[in-house]
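*Asks:* Got a structure here, written out as structure tokens. Questions coming.
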Amino acid sequence: MDPIRFEYRPPIGRATAAVVDLQGYDDDDAIAREIRAHRAFFELDVLEHVLLAGPRGGVYLDVGANIGNHAVYFGRYCADRVVAIEPHPALLPILRQNLERNCPGKFEIRPVALSDAAAMERMTLRRQFQCNIGGSQVEVVTEAPEGPDRLVPITTLDALMEDIVTADGPRVTLMKVDVEGMEVQVFRGARRLLAEQRPQIVVELATEDARRAARAHLATFGYQDVGLRFGWTPTYHFLDPSMHALRPYVAEPARDPEVELFKRVTEEL
């Protein structure tokens, strides 16, 4: 498919709009459809919230980067450097292309999945997500499968950070996590990062069980949900009140009427 080109003017920091080019996975993929339909970043509400109220500068981690929609935004408008972590072999060349085109020199890509222990995996796309490659899930394997399956490594975020974060380098200031139900496993593998770097956390939590588990686990590190929900799939912002504070909005973040309606309906249900 052809890249999707649109102009974007952030709510702070720049007087004029700039051109963004994003390559999608294919014409039928959900993220590409949304970007094309609105000529805007996908889930712009959470992105502009982070720009307006989240940390400025430092290293942003995009765990489950997909095609790089969030990583590109973070690299252009929020962070000094972005580390995009994405295991799916089919998405990696698209992710690199989008980052090179939109924020060259400000990113690195790690082609791994994250959990609480090292292993090997293959990516499986659940039947209900046939038009959303972002719904691919990790399936841990104990031996190499027969056939064309492509295995990718699983590691922990603490192990990955050993050669990314240096004593005299910038801190990890924000971690975005979208890992299709493996959120707590990712956090369990990031104990040292959470204890020492104390990044703010933006995490997709699709179910009430996932929300309870993540809140309980992050609370052991002193993190609290700020009480706001974003995105098509429920996404939440956590911070440590002893170290972090939301900056007051100087402008209102984008609101997608379809997303707002969807949130109201699901909350009522």
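Following the order of the structure tokens, chains are lettered A, B, ..., residues in each are numbered from 1, and ligands are numbered from 1.
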Using only C-alpha atoms, which residues sit within 8 Å of stretch 44-53 of chain A once same-chain residues fewer than 2 positions away are excluded, as number ranges by chain?

*Replies:* A: 10-12, 40-42, 55-56, 70, 73-74, 77-78, 230-231, 235, 246-251, 253-256

*Asks:* Please provide as a list of chain:residue names all residues within 10 Å of A:Asp27, with the sequence filter that same-chain residues fewer than 6 positions apart are discarded (counting only C-alpha atoms).

*Replies:*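 Near A:Asp27, the qualifying residues are A:Met1, A:Asp2, A:Arg33, A:Arg36, A:Cys131.
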
*Asks:* Figure out the distance between atom CA of A:Thr233 and atom CA of A:Glu43, please, to one decimal in Å.

*Replies:* 9.5 Å

*Asks:* A:Gly222: which residues within 9 Å, counting only C-alpha atoms, same-chain residues fewer than 3 positions away excluded, as a list in words?

*Replies:*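 What passes the distance filter is Leu218, Ala219, Leu239, Asp240, Pro241 and Ser242 of chain A.
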
*Asks:* Calculated over only C-alpha atoms, which of the candidates A:Gly57, A:Pro234, A:Pro111, A:Gly24 has the smallest distance to A:Arg5?

*Replies:*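 Nearest candidate to A:Arg5 out of A:Gly57, A:Pro234, A:Pro111, A:Gly24: A:Gly24.
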
*Asks:* Could you name the residues that touch A:Ile85 at 12 Å or less, counting only C-alpha atoms, but leaving out those on the same chain fewer than 4 positions away, as a ChimeraX atom specification?

*Replies:* /A:60-68,70-71,89,91-92,95-96,107-114,153-157,160-161,175-179,186

*Asks:* Write a file of the just-selected residues containing C-alpha atoms, as a short mmCIF file (atom, residue, chain, number, x, y, z; two decimals), in the first residue's frame.

*Replies:*
data_model
loop_
_atom_site.label_atom_id
_atom_site.label_comp_id
_atom_site.auth_asym_id
_atom_site.auth_seq_id
_atom_site.Cartn_x
_atom_site.Cartn_y
_atom_site.Cartn_z
CA TYR A 60 10.64 6.79 25.66
CA LEU A 61 10.08 3.03 25.34
CA ASP A 62 7.40 1.85 22.91
CA VAL A 63 6.74 -1.77 23.88
CA GLY A 64 4.63 -3.31 21.13
CA ALA A 65 5.43 -0.64 18.57
CA ASN A 66 3.53 -2.19 15.62
CA ILE A 67 4.05 0.08 12.56
CA GLY A 68 5.45 2.88 14.74
CA HIS A 70 3.17 6.02 18.65
CA ALA A 71 6.96 5.79 18.32
CA PRO A 89 8.83 -10.03 11.61
CA LEU A 91 6.03 -5.33 10.95
CA LEU A 92 9.74 -4.64 11.48
CA LEU A 95 8.39 0.19 11.58
CA ARG A 96 11.93 1.05 10.47
CA PHE A 107 15.30 6.00 17.45
CA GLU A 108 16.49 2.45 17.78
CA ILE A 109 14.54 -0.76 17.17
CA ARG A 110 14.73 -3.96 19.22
CA PRO A 111 13.17 -6.97 17.38
CA VAL A 112 12.17 -8.95 20.47
CA ALA A 113 9.14 -9.75 22.58
CA LEU A 114 9.14 -9.03 26.30
CA PRO A 153 13.22 -14.25 20.94
CA ILE A 154 11.60 -13.30 24.22
CA THR A 155 13.65 -11.42 26.77
CA THR A 156 13.03 -9.22 29.79
CA LEU A 157 13.00 -5.45 29.76
CA LEU A 160 17.25 -5.29 27.26
CA MET A 161 17.98 -2.11 29.19
CA MET A 175 7.06 3.49 28.83
CA LYS A 176 4.12 2.75 26.56
CA VAL A 177 2.97 -0.90 26.65
CA ASP A 178 0.60 -2.62 24.19
CA VAL A 179 1.21 -6.36 24.39
CA VAL A 186 6.33 -7.39 30.95
#

*Asks:* In stretch 32-138 of chain A, what's alpha helix (DSSP H) per DSSP? Answer as a PyMOL selection string?

*Replies:* chain A and resi 32-38+44-53+69-73+92-102

*Asks:* Taking only C-alpha atoms into account, name the residue in A:Thr16, A:Asn102, A:Gln185, A:Thr173 that is nearest to A:Arg198.

*Replies:*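 The closest residue to A:Arg198 is A:Thr173.
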
*Asks:* Just checking: using only C-alpha atoms, which residue out of A:Ile4, A:Val226, A:Leu151, A:Val265 ends up closest to A:Ala37?

*Replies:* A:Ile4

*Asks:* I'd like the contact shell of A:Ala18 - 8 Å cut-off, only C-alpha atoms, skipping same-chain residues fewer than 5 positions apart - returned as a count of residues only.

*Replies:* 3

*Asks:* To one decimal place, how far is atom CA of A:Lys106 from atom CA of A:Asp80 in Å?

*Replies:*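 Spanning atom CA of A:Lys106 to atom CA of A:Asp80 is a straight-line distance of 6.8 Å.
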
*Asks:* So that I can see what lies close to A:Ala214, please list as a ChimeraX atom specification the residues with an atom at most 9 Å from it, counting only C-alpha atoms and leaving out residues fewer than 6 positions away in the same chain.

*Replies:* /A:183-184,187,205

*Asks:* Find, counting only C-alpha atoms, the residue in A:Ile94, A:Val19, A:Leu99, A:Ala117 that gets nearest to A:Gly75.

*Replies:*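 Among the listed residues, the smallest separation from A:Gly75 belongs to A:Leu99.
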